[in-house]
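Participant: For reference, this is target_35.cif, and it has mmCIF, C-alpha atoms and all ligand atoms; chains and numbers go by the auth columns.
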```cif
data_structure
#
loop_
_atom_site.group_PDB
_atom_site.id
_atom_site.type_symbol
_atom_site.label_atom_id
_atom_site.label_comp_id
_atom_site.label_asym_id
_atom_site.label_seq_id
_atom_site.Cartn_x
_atom_site.Cartn_y
_atom_site.Cartn_z
_atom_site.B_iso_or_equiv
_atom_site.auth_seq_id
_atom_site.auth_asym_id
ATOM 1 C CA MET A 1 122.357 169.563 229.167 0.00 1 A
ATOM 2 C CA LYS A 2 125.849 168.453 228.389 0.00 2 A
ATOM 3 C CA LEU A 3 126.241 166.520 225.141 0.00 3 A
ATOM 4 C CA VAL A 4 129.993 166.025 225.071 0.00 4 A
ATOM 5 C CA SER A 5 132.711 165.567 227.642 0.00 5 A
ATOM 6 C CA PRO A 6 135.164 168.434 228.197 0.00 6 A
ATOM 7 C CA ALA A 7 137.944 166.270 226.772 0.00 7 A
ATOM 8 C CA PHE A 8 135.968 165.571 223.633 0.00 8 A
ATOM 9 C CA HIS A 9 135.053 169.208 223.317 0.00 9 A
ATOM 10 C CA HIS A 10 138.714 170.123 223.629 0.00 10 A
ATOM 11 C CA ARG A 11 139.577 167.667 220.879 0.00 11 A
ATOM 12 C CA LEU A 12 136.944 169.235 218.618 0.00 12 A
ATOM 13 C CA LEU A 13 138.394 172.702 219.199 0.00 13 A
ATOM 14 C CA PHE A 14 141.826 171.358 218.424 0.00 14 A
ATOM 15 C CA LEU A 15 140.706 169.739 215.184 0.00 15 A
ATOM 16 C CA ALA A 16 138.952 172.944 214.163 0.00 16 A
ATOM 17 C CA ALA A 17 142.143 174.901 214.779 0.00 17 A
ATOM 18 C CA MET A 18 144.154 172.378 212.738 0.00 18 A
ATOM 19 C CA LEU A 19 141.824 172.938 209.802 0.00 19 A
ATOM 20 C CA ILE A 20 141.435 176.683 210.034 0.00 20 A
ATOM 21 C CA LEU A 21 144.984 177.836 210.758 0.00 21 A
ATOM 22 C CA PRO A 22 146.695 176.591 207.590 0.00 22 A
ATOM 23 C CA ILE A 23 143.935 178.242 205.562 0.00 23 A
ATOM 24 C CA GLY A 24 144.573 181.504 207.388 0.00 24 A
ATOM 25 C CA ALA A 25 148.265 181.208 206.639 0.00 25 A
ATOM 26 C CA ALA A 26 147.544 180.559 202.977 0.00 26 A
ATOM 27 C CA LEU A 27 145.252 183.584 202.778 0.00 27 A
ATOM 28 C CA ALA A 28 147.964 185.742 204.285 0.00 28 A
ATOM 29 C CA GLY A 29 149.895 185.137 201.091 0.00 29 A
ATOM 30 C CA PRO A 30 153.553 184.523 200.466 0.00 30 A
ATOM 31 C CA GLY A 31 155.781 186.316 202.922 0.00 31 A
ATOM 32 C CA PRO A 32 159.520 186.282 203.217 0.00 32 A
ATOM 33 C CA GLY A 33 161.001 182.793 203.411 0.00 33 A
ATOM 34 C CA PRO A 34 161.123 181.231 206.827 0.00 34 A
ATOM 35 C CA GLY A 35 164.322 181.710 208.734 0.00 35 A
ATOM 36 C CA HIS A 36 164.048 179.505 211.738 0.00 36 A
ATOM 37 C CA GLY A 37 165.290 181.167 214.884 0.00 37 A
ATOM 38 C CA THR A 38 167.694 183.555 213.270 0.00 38 A
ATOM 39 C CA GLY A 39 165.357 186.540 213.191 0.00 39 A
ATOM 40 C CA SER A 40 164.120 186.455 216.757 0.00 40 A
ATOM 41 C CA PRO A 41 166.745 188.210 218.845 0.00 41 A
ATOM 42 C CA SER A 42 164.313 188.606 221.719 0.00 42 A
ATOM 43 C CA ALA A 43 164.308 184.867 222.282 0.00 43 A
ATOM 44 C CA PHE A 44 168.055 184.603 222.110 0.00 44 A
ATOM 45 C CA SER A 45 169.025 187.537 224.274 0.00 45 A
ATOM 46 C CA SER A 46 166.771 186.058 226.923 0.00 46 A
ATOM 47 C CA GLY A 47 169.064 183.161 227.666 0.00 47 A
ATOM 48 C CA ALA A 48 171.229 180.424 226.316 0.00 48 A
ATOM 49 C CA ALA A 49 171.660 176.679 226.275 0.00 49 A
ATOM 50 C CA GLY A 50 172.442 175.750 229.854 0.00 50 A
ATOM 51 C CA LYS A 51 175.430 173.697 230.969 0.00 51 A
ATOM 52 C CA GLU A 52 174.692 170.489 232.813 0.00 52 A
ATOM 53 C CA ALA A 53 177.081 171.473 235.624 0.00 53 A
ATOM 54 C CA ASP A 54 175.161 174.717 236.257 0.00 54 A
ATOM 55 C CA VAL A 55 171.739 173.111 236.716 0.00 55 A
ATOM 56 C CA THR A 56 170.258 174.157 240.037 0.00 56 A
ATOM 57 C CA ARG A 57 166.702 172.975 239.518 0.00 57 A
ATOM 58 C CA THR A 58 164.730 170.436 237.525 0.00 58 A
ATOM 59 C CA VAL A 59 161.184 171.144 236.353 0.00 59 A
ATOM 60 C CA THR A 60 159.012 168.423 234.859 0.00 60 A
ATOM 61 C CA VAL A 61 156.399 169.472 232.315 0.00 61 A
ATOM 62 C CA VAL A 62 153.765 167.057 231.035 0.00 62 A
ATOM 63 C CA MET A 63 152.389 167.646 227.550 0.00 63 A
ATOM 64 C CA ARG A 64 148.953 166.493 226.486 0.00 64 A
ATOM 65 C CA ASP A 65 146.637 167.204 223.525 0.00 65 A
ATOM 66 C CA THR A 66 146.790 170.184 223.619 0.00 66 A
ATOM 67 C CA LEU A 67 148.028 171.675 226.854 0.00 67 A
ATOM 68 C CA PHE A 68 150.892 171.746 229.310 0.00 68 A
ATOM 69 C CA ASN A 69 150.257 170.691 232.906 0.00 69 A
ATOM 70 C CA LYS A 70 151.595 174.097 233.952 0.00 70 A
ATOM 71 C CA ARG A 71 150.354 177.584 233.117 0.00 71 A
ATOM 72 C CA GLU A 72 153.242 179.283 234.865 0.00 72 A
ATOM 73 C CA ILE A 73 156.811 178.382 235.817 0.00 73 A
ATOM 74 C CA GLU A 74 158.756 180.482 238.320 0.00 74 A
ATOM 75 C CA ILE A 75 162.348 181.308 237.471 0.00 75 A
ATOM 76 C CA ARG A 76 165.140 183.271 239.143 0.00 76 A
ATOM 77 C CA PRO A 77 167.495 185.588 237.240 0.00 77 A
ATOM 78 C CA GLY A 78 170.616 183.780 236.114 0.00 78 A
ATOM 79 C CA GLU A 79 169.556 180.283 237.080 0.00 79 A
ATOM 80 C CA THR A 80 169.974 177.228 234.881 0.00 80 A
ATOM 81 C CA VAL A 81 166.955 174.946 234.782 0.00 81 A
ATOM 82 C CA ARG A 82 166.700 171.437 233.410 0.00 82 A
ATOM 83 C CA PHE A 83 163.263 170.818 231.919 0.00 83 A
ATOM 84 C CA ILE A 84 162.069 167.236 231.677 0.00 84 A
ATOM 85 C CA LEU A 85 159.368 167.091 229.023 0.00 85 A
ATOM 86 C CA LYS A 86 156.952 164.171 228.930 0.00 86 A
ATOM 87 C CA ASN A 87 154.550 163.835 226.036 0.00 87 A
ATOM 88 C CA LYS A 88 151.534 161.883 227.261 0.00 88 A
ATOM 89 C CA GLY A 89 149.386 162.909 224.309 0.00 89 A
ATOM 90 C CA GLU A 90 148.777 161.337 220.931 0.00 90 A
ATOM 91 C CA PHE A 91 150.242 164.230 218.949 0.00 91 A
ATOM 92 C CA LEU A 92 153.733 165.622 218.413 0.00 92 A
ATOM 93 C CA HIS A 93 154.442 168.572 220.722 0.00 93 A
ATOM 94 C CA GLU A 94 157.098 171.197 221.147 0.00 94 A
ATOM 95 C CA PHE A 95 158.581 172.925 224.178 0.00 95 A
ATOM 96 C CA ASN A 96 159.929 176.275 223.017 0.00 96 A
ATOM 97 C CA ILE A 97 161.249 179.095 225.220 0.00 97 A
ATOM 98 C CA GLY A 98 160.731 182.488 223.614 0.00 98 A
ATOM 99 C CA SER A 99 158.700 185.653 223.331 0.00 99 A
ATOM 100 C CA SER A 100 155.186 185.818 221.908 0.00 100 A
ATOM 101 C CA TYR A 101 156.828 187.391 218.841 0.00 101 A
ATOM 102 C CA SER A 102 159.275 184.541 218.290 0.00 102 A
ATOM 103 C CA HIS A 103 156.514 182.008 218.881 0.00 103 A
ATOM 104 C CA ALA A 104 154.237 183.649 216.289 0.00 104 A
ATOM 105 C CA LYS A 105 157.103 183.622 213.812 0.00 105 A
ATOM 106 C CA HIS A 106 157.918 179.989 214.493 0.00 106 A
ATOM 107 C CA GLN A 107 154.259 179.000 214.079 0.00 107 A
ATOM 108 C CA LYS A 108 154.354 180.161 210.459 0.00 108 A
ATOM 109 C CA GLU A 109 157.424 178.019 209.860 0.00 109 A
ATOM 110 C CA MET A 110 155.808 175.031 211.522 0.00 110 A
ATOM 111 C CA ILE A 111 152.830 175.295 209.155 0.00 111 A
ATOM 112 C CA GLN A 112 155.240 175.214 206.199 0.00 112 A
ATOM 113 C CA MET A 113 157.098 172.260 207.681 0.00 113 A
ATOM 114 C CA MET A 114 153.796 170.425 207.982 0.00 114 A
ATOM 115 C CA GLU A 115 152.905 171.221 204.387 0.00 115 A
ATOM 116 C CA MET A 116 156.309 169.951 203.234 0.00 116 A
ATOM 117 C CA GLY A 117 156.027 166.743 205.206 0.00 117 A
ATOM 118 C CA MET A 118 158.955 167.468 207.523 0.00 118 A
ATOM 119 C CA LEU A 119 156.498 167.329 210.387 0.00 119 A
ATOM 120 C CA THR A 120 153.328 165.296 210.749 0.00 120 A
ATOM 121 C CA PRO A 121 150.709 165.644 213.477 0.00 121 A
ATOM 122 C CA THR A 122 152.314 162.709 215.306 0.00 122 A
ATOM 123 C CA GLY A 123 155.966 162.760 214.337 0.00 123 A
ATOM 124 C CA VAL A 124 158.984 163.977 212.426 0.00 124 A
ATOM 125 C CA ASP A 125 160.351 162.907 209.047 0.00 125 A
ATOM 126 C CA GLY A 126 163.997 162.561 210.041 0.00 126 A
ATOM 127 C CA ALA A 127 165.354 162.492 206.489 0.00 127 A
ATOM 128 C CA LYS A 128 163.532 165.628 205.393 0.00 128 A
ATOM 129 C CA MET A 129 164.191 167.358 208.687 0.00 129 A
ATOM 130 C CA ASN A 130 167.950 166.836 208.482 0.00 130 A
ATOM 131 C CA MET A 131 168.355 168.374 205.055 0.00 131 A
ATOM 132 C CA PRO A 132 170.545 171.472 205.140 0.00 132 A
ATOM 133 C CA ARG A 133 169.048 174.896 204.564 0.00 133 A
ATOM 134 C CA GLY A 134 167.867 175.102 200.998 0.00 134 A
ATOM 135 C CA GLY A 135 166.992 171.413 200.908 0.00 135 A
ATOM 136 C CA ILE A 136 163.268 171.971 201.009 0.00 136 A
ATOM 137 C CA GLY A 137 161.864 175.407 200.311 0.00 137 A
ATOM 138 C CA ASN A 138 164.896 177.030 201.908 0.00 138 A
ATOM 139 C CA LEU A 139 163.827 175.819 205.334 0.00 139 A
ATOM 140 C CA PRO A 140 166.797 175.467 207.644 0.00 140 A
ATOM 141 C CA MET A 141 167.382 172.437 209.805 0.00 141 A
ATOM 142 C CA VAL A 142 164.626 172.727 212.294 0.00 142 A
ATOM 143 C CA HIS A 143 164.960 172.268 215.992 0.00 143 A
ATOM 144 C CA ALA A 144 168.688 172.539 216.043 0.00 144 A
ATOM 145 C CA ASP A 145 167.941 175.568 218.228 0.00 145 A
ATOM 146 C CA ALA A 146 168.825 175.265 221.886 0.00 146 A
ATOM 147 C CA ASN A 147 165.599 176.931 223.020 0.00 147 A
ATOM 148 C CA SER A 148 163.305 174.350 221.463 0.00 148 A
ATOM 149 C CA VAL A 149 162.732 170.615 221.493 0.00 149 A
ATOM 150 C CA LEU A 150 160.194 168.387 219.749 0.00 150 A
ATOM 151 C CA VAL A 151 158.732 165.533 221.771 0.00 151 A
ATOM 152 C CA LYS A 152 156.951 162.642 220.060 0.00 152 A
ATOM 153 C CA PRO A 153 153.971 160.867 221.635 0.00 153 A
ATOM 154 C CA GLY A 154 155.135 158.715 224.537 0.00 154 A
ATOM 155 C CA GLU A 155 158.615 160.270 224.545 0.00 155 A
ATOM 156 C CA THR A 156 160.478 162.114 227.309 0.00 156 A
ATOM 157 C CA LYS A 157 163.095 164.695 226.378 0.00 157 A
ATOM 158 C CA GLU A 158 165.194 167.254 228.207 0.00 158 A
ATOM 159 C CA LEU A 159 166.102 170.858 227.597 0.00 159 A
ATOM 160 C CA THR A 160 168.499 172.827 229.790 0.00 160 A
ATOM 161 C CA TRP A 161 168.247 176.601 229.710 0.00 161 A
ATOM 162 C CA LYS A 162 170.074 179.446 231.404 0.00 162 A
ATOM 163 C CA PHE A 163 167.717 182.368 232.006 0.00 163 A
ATOM 164 C CA ILE A 164 169.390 185.734 231.520 0.00 164 A
ATOM 165 C CA LYS A 165 166.814 188.396 230.599 0.00 165 A
ATOM 166 C CA PHE A 166 163.055 188.210 230.795 0.00 166 A
ATOM 167 C CA PRO A 167 161.176 190.008 227.998 0.00 167 A
ATOM 168 C CA ASN A 168 157.861 188.386 228.895 0.00 168 A
ATOM 169 C CA LEU A 169 159.163 184.919 228.252 0.00 169 A
ATOM 170 C CA GLU A 170 156.750 182.146 227.418 0.00 170 A
ATOM 171 C CA PHE A 171 157.047 178.398 227.002 0.00 171 A
ATOM 172 C CA ALA A 172 154.930 177.229 224.095 0.00 172 A
ATOM 173 C CA CYS A 173 154.163 174.553 221.548 0.00 173 A
ATOM 174 C CA ASN A 174 154.148 176.044 218.055 0.00 174 A
ATOM 175 C CA LEU A 175 152.710 173.098 216.139 0.00 175 A
ATOM 176 C CA PRO A 176 149.790 174.323 214.034 0.00 176 A
ATOM 177 C CA GLY A 177 146.843 175.221 216.251 0.00 177 A
ATOM 178 C CA HIS A 178 148.408 174.163 219.546 0.00 178 A
ATOM 179 C CA TYR A 179 149.393 177.612 220.852 0.00 179 A
ATOM 180 C CA GLN A 180 145.927 178.909 219.980 0.00 180 A
ATOM 181 C CA ALA A 181 144.333 175.925 221.711 0.00 181 A
ATOM 182 C CA GLY A 182 146.102 176.972 224.911 0.00 182 A
ATOM 183 C CA MET A 183 149.449 175.217 224.749 0.00 183 A
ATOM 184 C CA VAL A 184 151.354 178.162 226.181 0.00 184 A
ATOM 185 C CA GLY A 185 152.420 179.329 229.621 0.00 185 A
ATOM 186 C CA ARG A 186 154.543 182.097 231.062 0.00 186 A
ATOM 187 C CA PHE A 187 157.764 182.300 233.008 0.00 187 A
ATOM 188 C CA LYS A 188 157.282 184.325 236.145 0.00 188 A
ATOM 189 C CA VAL A 189 160.414 186.002 237.452 0.00 189 A
ATOM 190 C CA LYS A 190 161.017 185.548 241.171 0.00 190 A
ATOM 191 C CA GLY A 191 163.532 187.324 243.366 0.00 191 A
HETATM 192 CU CU CU B . 151.575 170.816 220.860 0.00 201 A
#
```
Would you mind writing the structure in this file as structure tokens?
Ligand SMILES: [Cu+2]
Facilitator:
Amino acid sequence: MKLVSPAFHHRLLFLAAMLILPIGAALAGPGPGPGHGTGSPSAFSSGAAGKEADVTRTVTVVMRDTLFNKREIEIRPGETVRFILKNKGEFLHEFNIGSSYSHAKHQKEMIQMMEMGMLTPTGVDGAKMNMPRGGIGNLPMVHADANSVLVKPGETKELTWKFIKFPNLEFACNLPGHYQAGMVGRFKVKG
């Protein structure tokens, strides 16, 4: 007998993750201060912000609560791809190109940003977010990185990326609990 719809069940899992993950982070104790992006060379040697003129392909990715409509995106070495990111969910989501290592690192920072009010489950506090490094808990300006973009509910944003190396690259949303709920996919190298 089925008591709840799959969608409702998914929502329950998501809410559970939202509650449990920050506790886990708190139990892990104070680590080194967050240093957004700077300490994840694997993500940055893998590519760079793409130039509009070099775009050879456009890929549309739809974000929902809490999954992408794609589990896998094929890429070719050296190509520049424009990603069109549509958030059709009710929560804030991220599209971040990186390794599982850089994603795990960014997830810890995202939890801190949530705790400090820079991020909320549905949006971004622009004033807090635009403070320079040291403004709040030594967090740097978030999402100034070329490999990541935040998309609010109902919004469509773009990110253009030139793929250079492929150390098991993933696209992921690092908002608390989202990656764990399945909001991650992999780039499959073709050719
Ligand atoms: Cu998300």
Participant: I need the residue nearest Asn96 (chain A) from this list: A:Gly126, A:Gly185, A:Pro77, A:Pro121. Use only C-alpha atoms for the distance.
Facilitator: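 That would be A:Gly185, the residue with the smallest distance to Asn96 (chain A).
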Participant: I would like the residues chosen by the PyMOL selection byres (((chain A and resi 122) around 6) and not hetatm) on the shown file; could you give them as JSON, numbers by chain?
Facilitator: {"A": [91, 92, 120, 121, 123]}
Participant: Would you write out, as a PyMOL selection string, every residue that the PyMOL selection byres (((not hetatm)) within 12 of (chain A and resi 201)) captures in this file?
Facilitator: chain A and resi 14+17-18+62-68+85-96+107+110+120-123+149-153+171-184
Participant: Would you mind exporting the chosen residues as a CSV table (one decimal), in the coordinates of the input, restricted to C-alpha atoms?
Facilitator:
```csv
chain,number,residue,atom,x,y,z
A,14,PHE,CA,141.8,171.4,218.4
A,17,ALA,CA,142.1,174.9,214.8
A,18,MET,CA,144.2,172.4,212.7
A,62,VAL,CA,153.8,167.1,231.0
A,63,MET,CA,152.4,167.6,227.6
A,64,ARG,CA,149.0,166.5,226.5
A,65,ASP,CA,146.6,167.2,223.5
A,66,THR,CA,146.8,170.2,223.6
A,67,LEU,CA,148.0,171.7,226.9
A,68,PHE,CA,150.9,171.7,229.3
A,85,LEU,CA,159.4,167.1,229.0
A,86,LYS,CA,157.0,164.2,228.9
A,87,ASN,CA,154.6,163.8,226.0
A,88,LYS,CA,151.5,161.9,227.3
A,89,GLY,CA,149.4,162.9,224.3
A,90,GLU,CA,148.8,161.3,220.9
A,91,PHE,CA,150.2,164.2,218.9
A,92,LEU,CA,153.7,165.6,218.4
A,93,HIS,CA,154.4,168.6,220.7
A,94,GLU,CA,157.1,171.2,221.1
A,95,PHE,CA,158.6,172.9,224.2
A,96,ASN,CA,159.9,176.3,223.0
A,107,GLN,CA,154.3,179.0,214.1
A,110,MET,CA,155.8,175.0,211.5
A,120,THR,CA,153.3,165.3,210.7
A,121,PRO,CA,150.7,165.6,213.5
A,122,THR,CA,152.3,162.7,215.3
A,123,GLY,CA,156.0,162.8,214.3
A,149,VAL,CA,162.7,170.6,221.5
A,150,LEU,CA,160.2,168.4,219.7
A,151,VAL,CA,158.7,165.5,221.8
A,152,LYS,CA,157.0,162.6,220.1
A,153,PRO,CA,154.0,160.9,221.6
A,171,PHE,CA,157.0,178.4,227.0
A,172,ALA,CA,154.9,177.2,224.1
A,173,CYS,CA,154.2,174.6,221.5
A,174,ASN,CA,154.1,176.0,218.1
A,175,LEU,CA,152.7,173.1,216.1
A,176,PRO,CA,149.8,174.3,214.0
A,177,GLY,CA,146.8,175.2,216.3
A,178,HIS,CA,148.4,174.2,219.5
A,179,TYR,CA,149.4,177.6,220.9
A,180,GLN,CA,145.9,178.9,220.0
A,181,ALA,CA,144.3,175.9,221.7
A,182,GLY,CA,146.1,177.0,224.9
A,183,MET,CA,149.4,175.2,224.7
A,184,VAL,CA,151.4,178.2,226.2
```
Participant: Fewer than 2 positions away in the same chain doesn't count, so skip those; otherwise give me all residues within 7 Å of Lys190 (chain A), counting only C-alpha atoms, as an MDAnalysis selection string.
Facilitator: chainID A and resid 74:76 188
Participant: Considering only C-alpha atoms, can you say which of A:Asn69, A:Ser99, A:Thr60, A:Thr80 comes closest to Asn168 (chain A)?
Facilitator: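 Distance minimum relative to Asn168 (chain A) lands on A:Ser99.
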Participant: Select region 102-185 of chain A in the preceding structure and write C-alpha atoms to a file as a tab-separated table (two decimals), in the first residue's frame.
Facilitator:
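selection_37.tsv was written with the following content:
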```tsv
chain	number	residue	atom	x	y	z
A	102	SER	CA	35.35	20.87	-4.55
A	103	HIS	CA	31.63	20.24	-4.17
A	104	ALA	CA	32.07	18.75	-0.68
A	105	LYS	CA	34.17	21.75	0.29
A	106	HIS	CA	31.64	24.21	-1.07
A	107	GLN	CA	28.81	22.45	0.77
A	108	LYS	CA	30.44	23.30	4.10
A	109	GLU	CA	30.64	26.94	3.06
A	110	MET	CA	27.03	26.94	1.94
A	111	ILE	CA	25.94	25.70	5.38
A	112	GLN	CA	27.81	28.61	6.97
A	113	MET	CA	26.29	31.06	4.51
A	114	MET	CA	22.85	29.76	5.46
A	115	GLU	CA	23.62	30.14	9.15
A	116	MET	CA	24.81	33.71	8.57
A	117	GLY	CA	21.74	34.64	6.57
A	118	MET	CA	23.60	35.28	3.31
A	119	LEU	CA	21.54	32.50	1.80
A	120	THR	CA	18.01	31.39	2.62
A	121	PRO	CA	16.27	28.27	1.34
A	122	THR	CA	14.54	30.39	-1.31
A	123	GLY	CA	16.89	33.26	-2.02
A	124	VAL	CA	19.96	35.39	-1.48
A	125	ASP	CA	20.52	38.35	0.83
A	126	GLY	CA	22.19	40.66	-1.67
A	127	ALA	CA	23.57	43.09	0.91
A	128	LYS	CA	25.20	40.40	3.03
A	129	MET	CA	26.35	38.47	0.00
A	130	ASN	CA	28.16	41.46	-1.50
A	131	MET	CA	30.24	42.21	1.56
A	132	PRO	CA	33.96	41.82	0.88
A	133	ARG	CA	35.90	38.97	2.43
A	134	GLY	CA	36.03	39.49	6.15
A	135	GLY	CA	32.61	41.14	6.20
A	136	ILE	CA	30.87	38.20	7.78
A	137	GLY	CA	32.90	35.46	9.40
A	138	ASN	CA	35.66	35.92	6.84
A	139	LEU	CA	33.45	34.51	4.10
A	140	PRO	CA	34.48	35.83	0.71
A	141	MET	CA	32.03	37.17	-1.82
A	142	VAL	CA	30.20	34.08	-2.82
A	143	HIS	CA	29.36	33.08	-6.32
A	144	ALA	CA	31.73	35.46	-7.95
A	145	ASP	CA	33.30	32.24	-9.24
A	146	ALA	CA	32.91	31.54	-12.93
A	147	ASN	CA	32.14	27.86	-12.37
A	148	SER	CA	29.04	28.46	-10.27
A	149	VAL	CA	25.75	30.29	-10.47
A	150	LEU	CA	22.82	30.59	-8.06
A	151	VAL	CA	19.34	30.48	-9.56
A	152	LYS	CA	16.32	31.68	-7.58
A	153	PRO	CA	12.90	30.05	-7.90
A	154	GLY	CA	11.34	30.96	-11.24
A	155	GLU	CA	14.60	32.42	-12.58
A	156	THR	CA	16.64	31.47	-15.65
A	157	LYS	CA	20.38	32.10	-15.66
A	158	GLU	CA	23.29	31.27	-17.92
A	159	LEU	CA	26.79	29.98	-17.36
A	160	THR	CA	29.35	29.56	-20.14
A	161	TRP	CA	32.20	27.15	-19.53
A	162	LYS	CA	35.21	26.01	-21.52
A	163	PHE	CA	36.04	22.39	-20.71
A	164	ILE	CA	39.77	21.72	-20.62
A	165	LYS	CA	40.55	18.73	-18.39
A	166	PHE	CA	38.18	16.17	-16.96
A	167	PRO	CA	39.02	14.94	-13.44
A	168	ASN	CA	35.64	13.26	-13.00
A	169	LEU	CA	33.77	16.50	-13.37
A	170	GLU	CA	30.32	16.84	-11.89
A	171	PHE	CA	27.60	19.47	-12.07
A	172	ALA	CA	25.97	19.89	-8.68
A	173	CYS	CA	23.87	22.01	-6.37
A	174	ASN	CA	25.67	22.53	-3.07
A	175	LEU	CA	22.85	24.09	-1.07
A	176	PRO	CA	22.51	22.20	2.22
A	177	GLY	CA	21.10	18.73	1.61
A	178	HIS	CA	20.57	19.10	-2.14
A	179	TYR	CA	23.64	17.18	-3.34
A	180	GLN	CA	22.81	14.37	-0.92
A	181	ALA	CA	19.20	14.35	-2.12
A	182	GLY	CA	20.47	13.64	-5.63
A	183	MET	CA	21.06	17.06	-7.12
A	184	VAL	CA	24.25	16.02	-8.90
A	185	GLY	CA	25.16	14.65	-12.31
```
